[in-house]
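K.L.:
Below you'll find the structure I mean.
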Amino acid sequence: MENAAIFGWALLWILFWGALGGVVTPRIYARKDLEISQASFGGAVIGAALGPFSLVPLWIASPKITGRLIGIAIAIVIGIFVASFALADPDNLCVANGGFVISQLTNGIVIGIIYGLMALGLTLIFSILGVVSFAHGEFYMIGGMVTYFMSAVWLPGVSPLVAILASCIVTFVIGYIFERIFLRPMGSGEIERPTEYAILVTFGLAFFLQYFTQALTSAVPVKAQRFFPFPRVELPAESGTLLKMTPGNVTIFDAISVPNPRFTAAVLALIMLAALLWFLYRTWVGKALRAVSQDRQAAAVTGINPNSMNTLAFSMGAMLAGLSGASLVQVFSWLPQVGIPAAARSFVIIVLGGMGSLPGAFLGGLIVGLVEAAGTGCIPDATRAAAYIPAYSMVILTLVLLLKPTGLFGREL
Amino acid sequence: MLRLTSNNICKNFGGLEVLKDVSFTVEGPELIGLIGPNGAGKTTLTNILDGALKPSSGTVYMNGERIDTRPPYGVARAGLGRTFQVTRAFRRMTVLENLLIPAMAMRATARQRDFEEKAQEVLEFLTISHLRNEYARALSGGQQKLLELGRLLMLDPQMIILDEPFAGVHPRLMDVIYRYITEINAQGKAFIIISHDMDTIFTLSRRLLVLNYGDLIADGDPEVVREDPVVKAAYLGEDEE
Amino acid sequence: APQAETVGEAEPAAEEAAAAPTEAPAEESSDDMSMEPIKIGALAPLSAPGAVVGGEAMRDAMLIAADVLNARGGIMGRPVEVIIVDTEGLPERGTAVVERLINQDGVVGIGGGYHSSVGVAAKEVARDNGIPIVFAETWNDTITSVQYDEIFRIAPLSSEVSAVDVNFIQWLRDENGMKLDKVVILTENTDYGIPAAENTTALLDGAGIAAVTFSVDIGTQDFAGIVERVKAESPDMIVILATGEASYNFTQQAADAGIGPQDVPTMCNQVSLVSDAFWVNVPDGNNCFVRRIGLPQKLYNDVAQELVAEYSDRTGKDDIESYAMASYDSIMLIAQAIEDSGSTDPGDIIDALENINHMGALGPITFPINRSNTPEQAGVDPKWWHQFPDPAITIVQYQEAGQDAVDTAVVYPDVYQTDPPVIVGQE
Amino acid sequence: MLAITDLYVGYYRDLNILQGVSLQAEGGKITTILGANGVGKSTMLKAIYGFLRPNQGQIRLNEQDIIDVPTHERINMGISYIPQQPGVFRFMSVEENLELGAWTFKNDKNRIKRKLAENYERFPDLKPRRKSNAGELSGGMQRMVEIGRTLMTDPKLILVDEPTAGLAKLLSEEVYQMLVDLRDRDGLTILLVDQEIRSALKIADYVYVLELGRNKFNGPAEDFTDLEKAFWVG
Amino acid sequence: MNPTAIYRVAGSIAIVLLLAIPFASSELGGVGPLVLSSYFMHLAITAFFYAILASSWSLLAGYAGQFSFGHMAFMAIGGYTSGLIGKFFRFTTAPSELCTDIPLLGNWWLVILNIRRVGTIDESCLDMARAETLPAGTLIVFPPVWASIAMGLVMGATFGLLVGWLVLRLRSTYLALFTIGFSEILRASISAEIPITEGQSGLELVPLFPGGLLGFTSTSKIPPYYAMLLLFLLAMALMTWLAGSRFGLFIRAIREDEEAAAALGVNIVRYKVLVFVITSTLAAAAGALQGHYIGIITPNTLIILQMSLVIAMAVIGGLENIYAASVGAIVITFALELLRTSINIGPLHVDMTLWRLVFFGLLLMLTLRFQRNGLLFPILERISRGGVAEETVSIREESEEDWEEEVEVDQLEDSPSDSGEESAG
Ligand SMILES: Nc1ncnc2c1ncn2[C@@H]1O[C@H](COP(=O)(O)OP(=O)(O)OP(=O)(O)O)[C@@H](O)[C@H]1O
Ligand SMILES: Nc1ncnc2c1ncn2[C@@H]1O[C@H](COP(=O)(O)OP(=O)(O)OP(=O)(O)O)[C@@H](O)[C@H]1O
Ligand SMILES: [Mg+2]
Ligand SMILES: [Mg+2]
């Protein structure tokens, strides 16, 4: 960082005026007898955007704070952030190297899609049962483990699709049994303070599953082979500038390169997403699930059994986590502990996207993917950039919870 | 002398206008009934007076001080107590502890044993003194209602809002609540009573407010209000004049 | 200058502490010489966050040591019991289990040890209780440079290992005509990774080679962003100091992105020598250079060959990891020290260890820098205190995909070379 | 058709909202339940439909005791329920809403198609909006969707709870007309709970009045001419 | 005997026993055949450490209903603050010129050491100063351990205040997620900021009593045992007093129904923040003490496993009672340690080192599901509330004559743990 001060001051400026706007605006709006539900968040971002130059007019004119206004303000804040960063560190790869930026963006999007798939499971569970499963990461881990053991140990040479299917079945069944024994009583009023109970009991499940797997498999990292290696292709054949494929990699325009396992995982995730959408929007059971999430009583009136929908939602959520684990076990080395950071990331995503919102989960996944890519890619200090990876998404989580606990999207399934 | 004024209260939930320009004044130990069909905004109004909700616009003053900007505990300390439509006893605390909370909250230096005697009196008044060491969750719905009323006595506010005190209550307990209202009112405390039970409201209250989907359509003597054609229309369906 | 004694240090008290608690085991041994087993402690990380793979290998080797000793009729006619405890790779657990070994189980000496941070913490407990520890796989220089009587080490010194790495890199440049101006180091932000990266950077600097270090949190799975940054640096060589699955993850993801061992000369981490796990996790890891502690298998002595045979029998592995071999030796060293001194008194064992000449699987083991030949007297750095001076270090290279670690080509140093290095990515 | 005797129901085990209510609904007739707010009218319907389990008493449908029949099977026995709180699936299209009414016979495509057509015929307003989200419709149309959804199962007995609460006058007249049609044309039995006393009485055949969990009056609708007497003082 | 008396007697016996334990330790020669090894003493100290954490967490989660997963973070804040003060702060009688010097009273200076740079020779500015600038005879004094521990408490309280204030609006799930985030950020920062915190190598702390105490050496277990026991007893006394006072009453009311409590005049903001401050301070105190006792603290104390241990201890003991939680913690600390063995069931060799955690997780789940109040609490509850039902019934019979008719009190015989009256809609 050459002119670190520029960036530091910009950050301070944003924080100071943001805090001031967030605290003072609701007071002023309340004094003027105006709608204040958005005043705190709106005031914060508008303050962060242009400081006194936007706050003073806001306080004087006190217009209705619309989503549009907030959107513009957020865009300005991001603009200031990026500009001051670029000014402060003009040699940074993120500023100076277009190819690098494109690669990082691609990485972020590809991994974000997979994060999104995992978070979808969590959001599905939340929208139907109203609880956050703290064992989500363990289902992810088990999904990967089963896929590995199927394809490499138990039935070597079996098609990866069969292995993935097996992992779906296993995670689904575990989710099913758990829901029936431990979560079903919540609905019947047998358990007091169900939300807290759910937090603790899924937490216990996580603990159990993780150590159970570790006791069974020991802690040697494992990894599945590439499911579907690319064919070797070079287009146009001589120069290789347009498209170049090797078994492990595809390069487009000599700039964007995506490793094969990630690519297949992302494609699998997209296929699953499509299948999930098809299931939720086109099948009877899927519609029943959505119906229960929108109006439990009305659904019960039509003869849908909401309890069995709970079970289904939980098992399916677990299965989606298992599935993203299954598709990532060919990308990352796998251990009984891999679920913990993955689960933490899913929490961030669903809070960011708005708890219970399917589109929110998907978009949240992309955002988290991009932020992590930006964090690792742009932080100048090489010894810190990667060391802070687990913290990037947590910083977003903290900010979102403090500024806008409802997330980006309202609830919609 | 108590004086509560609500000026032009409006409340929106998103696009839904639940209260439209509601203004009224309570002066002295009045006994007011508040009626209106389901979803008329009665509970919402209570929440606004109590500070649990902020009005979208409008103000509430109590004894010359603005209270709509205060948090609920500030309003409670200013002298306004309320019960909830769905009873909200502290279920895993004993009856006695339930009663001690408001008394202690009002006085920063107080100790528990200072109030045990008073709590005993209140329990006896409400005929549930034998339950003092039971957990509140072991009480029946009606008894939980009594417990809520008892908490208000311990809080000792100047004005009390009761949200459907008679709903789902056994007739015998109803007598207790009835007696409670009249006696406490005689001690100089104002009441606003929300109820769907017309008999009780008409015998009990000396002033009637009628809310109809956010509008305050009537305010006055119960007998007069009863004859009001607008009110009749709201309650008895279409009247062919 | 007559400075006041600083309050934080507790040196004067330590002597007393060393004497007192040792009485318990000593008494035990005096009143029952018949069949009371002699207990030797063994440290190994057997659960997360420790490096479990390493821990399990060490455990197996140390159990073999116990069996071998007992098959020989024990030590001084008494059976031997090796008590293995799980350090979890956590210093606070390390102190707790060493405490337990000494005070609960009554061990007379301790072997094994993997994580440096555990070693750093454990050495204090050993010192307080006057019980010797022979560390088998803790590289951190400070463990010996504090010069505690009780602490011995047969693992290499972190700084010496870095020196070998850098010598090798220089050798590649000078003798093999490789272009080598810039090296990227990927390290983990642990007590092992950070000092190793610092040492290596300093040495490379001295050799006129620029080094850029990226450090990662262990447990990181996704290295895509880092790989892009490494790529943007256009390094001539990559050195991976991150261990465990982080090392596998990085190597394979780098390979996926086109800067793997087959594209850029890469020094993979020593965990790559667990060849089964390596090929499962890094299918594109061919041409990796790996630093190997210990002699090449072709040069194993009799002890080592017997050990490998037994070890393969039990674990199904073809070769033995260097740290498993060292753990074996650490137990055997203590056993021999007991024999030599004819006593289970820890003080006597320490004396015996200082003068030991043990033919171990690693070769002849001695501790030449000791109380009678202090670093000052010998004119060497204090890190050589109670340190096995010459654990052999070679650089091997996987030259065929799926190759077993046993069959790897030894490329450096010249004396051991079996094949010339395959250098990739040179125009 | 439906006979209730001495029913005790409540939300908490120890607090009965209904305390010994008895009631009969004759086939092909509209039976109306009136009473002040909170006397337990809705509670009774919930008990008949199976959401609440009575603490005591009997509920018989065509001479068969149905207390132990689970909710979703009561639908198959020909009972339908339109609850007081309007409940459409806000983020689903009108058509999906209607289709979900056919949940109990979801595999009978022809029957679903037929019933859908019937519904669009009955509520022509819905047809052009069949692809819009139900949450975007007006309150009255949402009621139509709900009623239509209920009718998908060919019920014999429908339990209707305040169907016109919050509806404009014109719309509510349509709703009442619809109920009458259902009775006259389809021969359905209707158990109606209502606050719109005048309108409800107009279409009722038989009337029950409840007071705080107990029967107060009952009799044919013709007996209820003096409204003042019946409802204000009691 | 009435329940309070039972508690008093049992409590006094327990305290006397705990105070007496060191006399049976091997350091003091044991009592007759009973010789407790210093490993046992170590376990006892650790058990008290966990007992403080579990019971303060139970005050936070069980009494006040704030399900925070950040308790270990406050523990770490205490330990790291104390450790960092020991690492970076010195008192001298002359300015060092090379470090940051802050003048104090008289000729004393507070010297703050420079942060070491990664990648270069690591030389303390004070060492350099000693060689170059400091005049001969300058005293260099470490900050006293008690003072750095006290600073740990202050930091714990400050962060507790901050977090408590930030989470005011958050309920259950959001609170849990936020606190996980908080502790994860803290863990990542500690791991990454190696020049300050030493990262994964762990920050070394001076012993609790650097010069020994009363003839015990600095490594003796006995002074730390009494120190930790004292902290434990103080914490329990403080929490007992709090739980029995208005504070306890109010936080339980907040747990039961925040809005109703507010409507009755309870300043919910103040008490919610206060409960965070108090419990974080206790956690920080335990962390600082344990840090000095062990001599090292690493960011791994923040991993989720450590938090699960504390939660499980509190839940299995009894979440809603500080005594049950602390006894649960003590029992489980020992049990987990004893289970570090391997057993043979017939031909099957089971390494309990791993499986014990599996069973532990299962026990946690089953306890939650079937014994919501923990395994210990119901026993305490029986002792303390045994008389209530009879009392209620007898009073009721007395007052019966005023009530010619049965009024709805027929549910009195129901056990208090019954909760079937929840809405069934
Ligand atoms: N938090 C809220 N968000 C959105 N809408 C709300 C909220 N609270 C109340 N409403 C709506 O405001 C309207 C008035 O509600 P309120 O509870 O005040 O009615 P009420 O007069 O007390 O009715 P009842 O007699 O049934 O208790 C209702 O339509 C209700 O759905
Ligand atoms: N879910 C519930 N939990 C607890 N009590 C309830 C519940 N629903 C209703 N009650 C109580 O049951 C009593 C009767 O309610 P119900 O809904 O049956 O009245 P209603 O006669 O339908 O009145 P309305 O005309 O207002 O719809 C009321 O006192 C109400 O407070
Ligand atoms: Mg209401
Ligand atoms: Mg109703």
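By convention here, the chains of the structure tokens are called A, B, ... in the order presented, each chain's residues are numbered starting at 1, and ligands are numbered starting at 1 in the order presented.
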Which neighbours of Glu310 in chain C fall inside 12 Å, counting only C-alpha atoms, when residues of the same chain fewer than 2 positions from it are skipped, and could you give them as a list in words?

P.N.:
Asp60, Ala61, Met62, Leu63, Ile64, Ala65, Asp67, Val68, Val303, Ala304, Gln305, Glu306, Leu307, Val308, Ser312, Asp313, Arg314, Thr315, Gly316, Lys317, Asp318, Asp319, Ile320, Met325 and Tyr328 of chain C

K.L.:
Just to be explicit: take each residue in the selection above, keep N, CA and C atoms, and write the result as a PDB file, in the first residue's frame.

P.N.:
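Output file out_12.pdb follows:
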```pdb
ATOM      1  N   ASP C  60       1.962 -46.122  15.927  1.00  0.00           N
ATOM      2  CA  ASP C  60       2.257 -47.494  15.497  1.00  0.00           C
ATOM      3  C   ASP C  60       3.732 -47.818  15.713  1.00  0.00           C
ATOM      4  N   ALA C  61       4.606 -46.873  15.334  1.00  0.00           N
ATOM      5  CA  ALA C  61       6.047 -47.141  15.469  1.00  0.00           C
ATOM      6  C   ALA C  61       6.435 -47.302  16.932  1.00  0.00           C
ATOM      7  N   MET C  62       5.842 -46.480  17.785  1.00  0.00           N
ATOM      8  CA  MET C  62       6.230 -46.541  19.196  1.00  0.00           C
ATOM      9  C   MET C  62       5.713 -47.825  19.848  1.00  0.00           C
ATOM     10  N   LEU C  63       4.563 -48.302  19.366  1.00  0.00           N
ATOM     11  CA  LEU C  63       4.073 -49.578  19.897  1.00  0.00           C
ATOM     12  C   LEU C  63       4.991 -50.712  19.467  1.00  0.00           C
ATOM     13  N   ILE C  64       5.511 -50.588  18.250  1.00  0.00           N
ATOM     14  CA  ILE C  64       6.474 -51.603  17.807  1.00  0.00           C
ATOM     15  C   ILE C  64       7.681 -51.589  18.736  1.00  0.00           C
ATOM     16  N   ALA C  65       8.126 -50.377  19.059  1.00  0.00           N
ATOM     17  CA  ALA C  65       9.290 -50.273  19.952  1.00  0.00           C
ATOM     18  C   ALA C  65       9.026 -51.018  21.252  1.00  0.00           C
ATOM     19  N   ASP C  67       7.010 -53.494  21.786  1.00  0.00           N
ATOM     20  CA  ASP C  67       6.997 -54.933  21.555  1.00  0.00           C
ATOM     21  C   ASP C  67       8.413 -55.470  21.388  1.00  0.00           C
ATOM     22  N   VAL C  68       9.221 -54.727  20.610  1.00  0.00           N
ATOM     23  CA  VAL C  68      10.593 -55.176  20.392  1.00  0.00           C
ATOM     24  C   VAL C  68      11.320 -55.281  21.727  1.00  0.00           C
ATOM     25  N   VAL C 303      18.805 -51.958  11.649  1.00  0.00           N
ATOM     26  CA  VAL C 303      17.714 -51.585  12.549  1.00  0.00           C
ATOM     27  C   VAL C 303      16.526 -51.072  11.727  1.00  0.00           C
ATOM     28  N   ALA C 304      16.848 -50.192  10.811  1.00  0.00           N
ATOM     29  CA  ALA C 304      15.786 -49.587  10.020  1.00  0.00           C
ATOM     30  C   ALA C 304      15.085 -50.636   9.179  1.00  0.00           C
ATOM     31  N   GLN C 305      15.839 -51.552   8.622  1.00  0.00           N
ATOM     32  CA  GLN C 305      15.201 -52.554   7.759  1.00  0.00           C
ATOM     33  C   GLN C 305      14.269 -53.458   8.546  1.00  0.00           C
ATOM     34  N   GLU C 306      14.716 -53.841   9.742  1.00  0.00           N
ATOM     35  CA  GLU C 306      13.820 -54.647  10.579  1.00  0.00           C
ATOM     36  C   GLU C 306      12.556 -53.874  10.927  1.00  0.00           C
ATOM     37  N   LEU C 307      12.778 -52.625  11.266  1.00  0.00           N
ATOM     38  CA  LEU C 307      11.635 -51.791  11.631  1.00  0.00           C
ATOM     39  C   LEU C 307      10.656 -51.657  10.467  1.00  0.00           C
ATOM     40  N   VAL C 308      11.195 -51.384   9.263  1.00  0.00           N
ATOM     41  CA  VAL C 308      10.321 -51.235   8.099  1.00  0.00           C
ATOM     42  C   VAL C 308       9.531 -52.516   7.869  1.00  0.00           C
ATOM     43  N   SER C 312       5.627 -52.366   7.969  1.00  0.00           N
ATOM     44  CA  SER C 312       4.817 -52.656   6.779  1.00  0.00           C
ATOM     45  C   SER C 312       3.816 -53.744   7.098  1.00  0.00           C
ATOM     46  N   ASP C 313       4.306 -54.696   7.866  1.00  0.00           N
ATOM     47  CA  ASP C 313       3.444 -55.791   8.273  1.00  0.00           C
ATOM     48  C   ASP C 313       2.195 -55.272   8.975  1.00  0.00           C
ATOM     49  N   ARG C 314       2.416 -54.354   9.885  1.00  0.00           N
ATOM     50  CA  ARG C 314       1.295 -53.909  10.716  1.00  0.00           C
ATOM     51  C   ARG C 314       0.396 -52.915  10.008  1.00  0.00           C
ATOM     52  N   THR C 315       0.992 -52.046   9.207  1.00  0.00           N
ATOM     53  CA  THR C 315       0.193 -50.953   8.659  1.00  0.00           C
ATOM     54  C   THR C 315      -0.119 -51.118   7.188  1.00  0.00           C
ATOM     55  N   GLY C 316       0.585 -52.032   6.521  1.00  0.00           N
ATOM     56  CA  GLY C 316       0.352 -52.188   5.096  1.00  0.00           C
ATOM     57  C   GLY C 316       1.034 -51.131   4.248  1.00  0.00           C
ATOM     58  N   LYS C 317       1.815 -50.256   4.883  1.00  0.00           N
ATOM     59  CA  LYS C 317       2.536 -49.250   4.100  1.00  0.00           C
ATOM     60  C   LYS C 317       3.856 -49.846   3.622  1.00  0.00           C
ATOM     61  N   ASP C 318       4.390 -49.320   2.510  1.00  0.00           N
ATOM     62  CA  ASP C 318       5.630 -49.867   1.969  1.00  0.00           C
ATOM     63  C   ASP C 318       6.847 -49.324   2.686  1.00  0.00           C
ATOM     64  N   ASP C 319       6.736 -48.088   3.102  1.00  0.00           N
ATOM     65  CA  ASP C 319       7.900 -47.472   3.723  1.00  0.00           C
ATOM     66  C   ASP C 319       7.430 -46.861   5.033  1.00  0.00           C
ATOM     67  N   ILE C 320       8.396 -46.468   5.812  1.00  0.00           N
ATOM     68  CA  ILE C 320       8.041 -45.859   7.083  1.00  0.00           C
ATOM     69  C   ILE C 320       8.331 -44.361   6.998  1.00  0.00           C
ATOM     70  N   MET C 325       9.851 -43.325  12.209  1.00  0.00           N
ATOM     71  CA  MET C 325      11.150 -43.919  12.498  1.00  0.00           C
ATOM     72  C   MET C 325      11.791 -43.211  13.697  1.00  0.00           C
ATOM     73  N   TYR C 328      10.199 -44.162  16.932  1.00  0.00           N
ATOM     74  CA  TYR C 328      10.707 -45.466  17.350  1.00  0.00           C
ATOM     75  C   TYR C 328      12.041 -45.291  18.062  1.00  0.00           C
TER      76      TYR C 328
END
```

K.L.:
Would you list the residues that come within 7 Å of ligand 3? Count only C-alpha atoms and all ligand atoms and give the answer as JSON, numbers by chain.

P.N.:
{"B": [38, 39, 41, 42, 43, 85, 163]}

K.L.:
Would you please give, as a count of residues only, all residues of range 116-285 of chain E that DSSP assigns to strand (DSSP E or B) based on the backbone?

P.N.:
6

K.L.:
Within 9 Å of ligand 4 (counting only C-alpha atoms and all ligand atoms), which residues show up? I'd like them as a PyMOL selection string.

P.N.:
(chain B and resi 38) or (chain D and resi 37-43+45+83-85+161-162+193-195)

K.L.:
For chain E, list the residues within 9 Å of chain A, counting only C-alpha atoms, and write the list as an MDAnalysis selection string.

P.N.:
chainID E and resid 65 67 166:167 169:170 172:174 176:182 184:189 191:193 304:305 308 311:312 315 351 354:366 368:369 372 418:425

K.L.:
Applying 8 Å and only C-alpha atoms, which residues near Leu53 in chain E remain after dropping the ones on its own chain fewer than 3 positions away? List them as a ChimeraX atom specification.

P.N.:
/E:49-50,56-57,71,282-283,286,310

K.L.:
Keeping only C-alpha atoms, write the selected residues as a PDB file, in the first residue's frame.

P.N.:
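As a result, selection_13.pdb now contains:
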```
ATOM      1  CA  PHE E  49     -12.181 -23.316  35.048  1.00  0.00           C
ATOM      2  CA  TYR E  50     -14.913 -25.053  33.086  1.00  0.00           C
ATOM      3  CA  SER E  56     -21.743 -18.136  33.814  1.00  0.00           C
ATOM      4  CA  TRP E  57     -23.000 -19.358  30.471  1.00  0.00           C
ATOM      5  CA  HIS E  71     -18.615 -17.217  25.598  1.00  0.00           C
ATOM      6  CA  LEU E 282     -16.488 -13.898  34.660  1.00  0.00           C
ATOM      7  CA  ALA E 283     -15.447 -15.744  31.523  1.00  0.00           C
ATOM      8  CA  ALA E 286     -11.467 -17.566  34.200  1.00  0.00           C
ATOM      9  CA  VAL E 310     -19.082 -25.624  27.685  1.00  0.00           C
TER      10      VAL E 310
END
```

K.L.:
Find the residues near ligand 1. Use a cut-off of 9 Å, count only C-alpha atoms and all ligand atoms, and write them as a PyMOL selection string.

P.N.:
(chain B and resi 11-14+16-19+35-47+53+85+163-164+194-196+211-214) or (chain D and resi 37-38)

K.L.:
Could the residues in this selection be written to a file with C-alpha atoms, as a short mmCIF file (atom, residue, chain, number, x, y, z; two decimals), in the first residue's frame?

P.N.:
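Now in out_30.cif:
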```cif
data_model
loop_
_atom_site.label_atom_id
_atom_site.label_comp_id
_atom_site.auth_asym_id
_atom_site.auth_seq_id
_atom_site.Cartn_x
_atom_site.Cartn_y
_atom_site.Cartn_z
CA LYS B 11 -50.37 3.54 12.32
CA ASN B 12 -49.48 1.70 9.16
CA PHE B 13 -48.15 -1.81 8.83
CA GLY B 14 -46.61 -1.65 5.40
CA LEU B 16 -52.21 -1.50 5.80
CA GLU B 17 -53.66 1.47 7.67
CA VAL B 18 -54.62 0.07 11.04
CA LEU B 19 -55.28 3.34 12.85
CA ILE B 35 -65.01 -1.98 21.46
CA GLY B 36 -64.76 -2.76 17.81
CA PRO B 37 -64.83 -5.71 15.47
CA ASN B 38 -61.89 -8.06 15.09
CA GLY B 39 -58.93 -6.37 13.50
CA ALA B 40 -60.30 -2.91 14.25
CA GLY B 41 -56.99 -1.88 15.76
CA LYS B 42 -57.81 -2.05 19.46
CA THR B 43 -54.74 -4.01 20.43
CA THR B 44 -52.62 -1.88 18.14
CA LEU B 45 -53.87 1.23 19.90
CA THR B 46 -52.99 -0.31 23.25
CA ASN B 47 -49.52 -1.12 22.01
CA LEU B 53 -45.19 0.26 19.04
CA GLN B 85 -54.92 -10.17 24.98
CA ASP B 163 -57.12 -6.15 26.64
CA GLU B 164 -60.06 -8.56 26.64
CA ILE B 194 -61.28 -3.75 25.62
CA SER B 195 -63.93 -6.40 25.38
CA HIS B 196 -66.19 -8.23 23.01
CA LEU B 211 -63.10 1.62 16.75
CA ASN B 212 -64.05 0.43 13.32
CA TYR B 213 -61.18 -0.58 11.05
CA GLY B 214 -58.96 2.20 12.26
CA ASN D 37 -66.90 -12.26 19.82
CA GLY D 38 -64.88 -14.79 21.69
#
```

K.L.:
So that I can see what lies close to Arg153 in chain C, please list as a list in words the residues with an atom at most 7 Å from it, counting only C-alpha atoms and leaving out residues fewer than 5 positions away in the same chain.

P.N.:
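Contacts, in chain order: Val134, Phe135, Ala136, His386, Gln387 and Phe388 of chain C.
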
K.L.:
Just to be explicit: take each residue in the selection above, keep N, CA, C and O atoms, and write the result as a PDB file, in the first residue's frame.

P.N.:
```pdb
ATOM      1  N   VAL C 134      12.650 -37.013  24.806  1.00  0.00           N
ATOM      2  CA  VAL C 134      13.393 -37.056  23.547  1.00  0.00           C
ATOM      3  C   VAL C 134      12.390 -36.765  22.437  1.00  0.00           C
ATOM      4  O   VAL C 134      11.522 -37.585  22.143  1.00  0.00           O
ATOM      5  N   PHE C 135      12.467 -35.578  21.883  1.00  0.00           N
ATOM      6  CA  PHE C 135      11.500 -35.195  20.855  1.00  0.00           C
ATOM      7  C   PHE C 135      11.852 -35.812  19.521  1.00  0.00           C
ATOM      8  O   PHE C 135      13.007 -35.793  19.088  1.00  0.00           O
ATOM      9  N   ALA C 136      10.845 -36.342  18.861  1.00  0.00           N
ATOM     10  CA  ALA C 136      11.087 -37.036  17.610  1.00  0.00           C
ATOM     11  C   ALA C 136      10.759 -36.184  16.389  1.00  0.00           C
ATOM     12  O   ALA C 136      11.338 -36.364  15.330  1.00  0.00           O
ATOM     13  N   HIS C 386      21.845 -30.646  23.023  1.00  0.00           N
ATOM     14  CA  HIS C 386      21.103 -31.919  23.076  1.00  0.00           C
ATOM     15  C   HIS C 386      20.422 -32.252  21.750  1.00  0.00           C
ATOM     16  O   HIS C 386      19.333 -32.786  21.724  1.00  0.00           O
ATOM     17  N   GLN C 387      21.103 -31.907  20.680  1.00  0.00           N
ATOM     18  CA  GLN C 387      20.483 -32.063  19.374  1.00  0.00           C
ATOM     19  C   GLN C 387      21.244 -33.135  18.607  1.00  0.00           C
ATOM     20  O   GLN C 387      22.486 -33.128  18.563  1.00  0.00           O
ATOM     21  N   PHE C 388      20.515 -34.065  18.024  1.00  0.00           N
ATOM     22  CA  PHE C 388      21.111 -35.076  17.147  1.00  0.00           C
ATOM     23  C   PHE C 388      21.682 -34.340  15.934  1.00  0.00           C
ATOM     24  O   PHE C 388      20.941 -33.705  15.195  1.00  0.00           O
TER      25      PHE C 388
END
```

K.L.:
Residues of chain E no more than 7 Å from chain C, counting only C-alpha atoms: send them over as a list in words.

P.N.:
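The contacting residues on chain E are Ser37, Ser38, Tyr39, Gly119, Ala136, Gly137, Thr138, Leu139, Ile140, Val141, Phe142, Ser191, Ala192, Gly199, Gln200, Ser201, Val206, Pro210, Gly211, Thr217, Ser218, Thr219, Ile294 and Ile296 of chain E.
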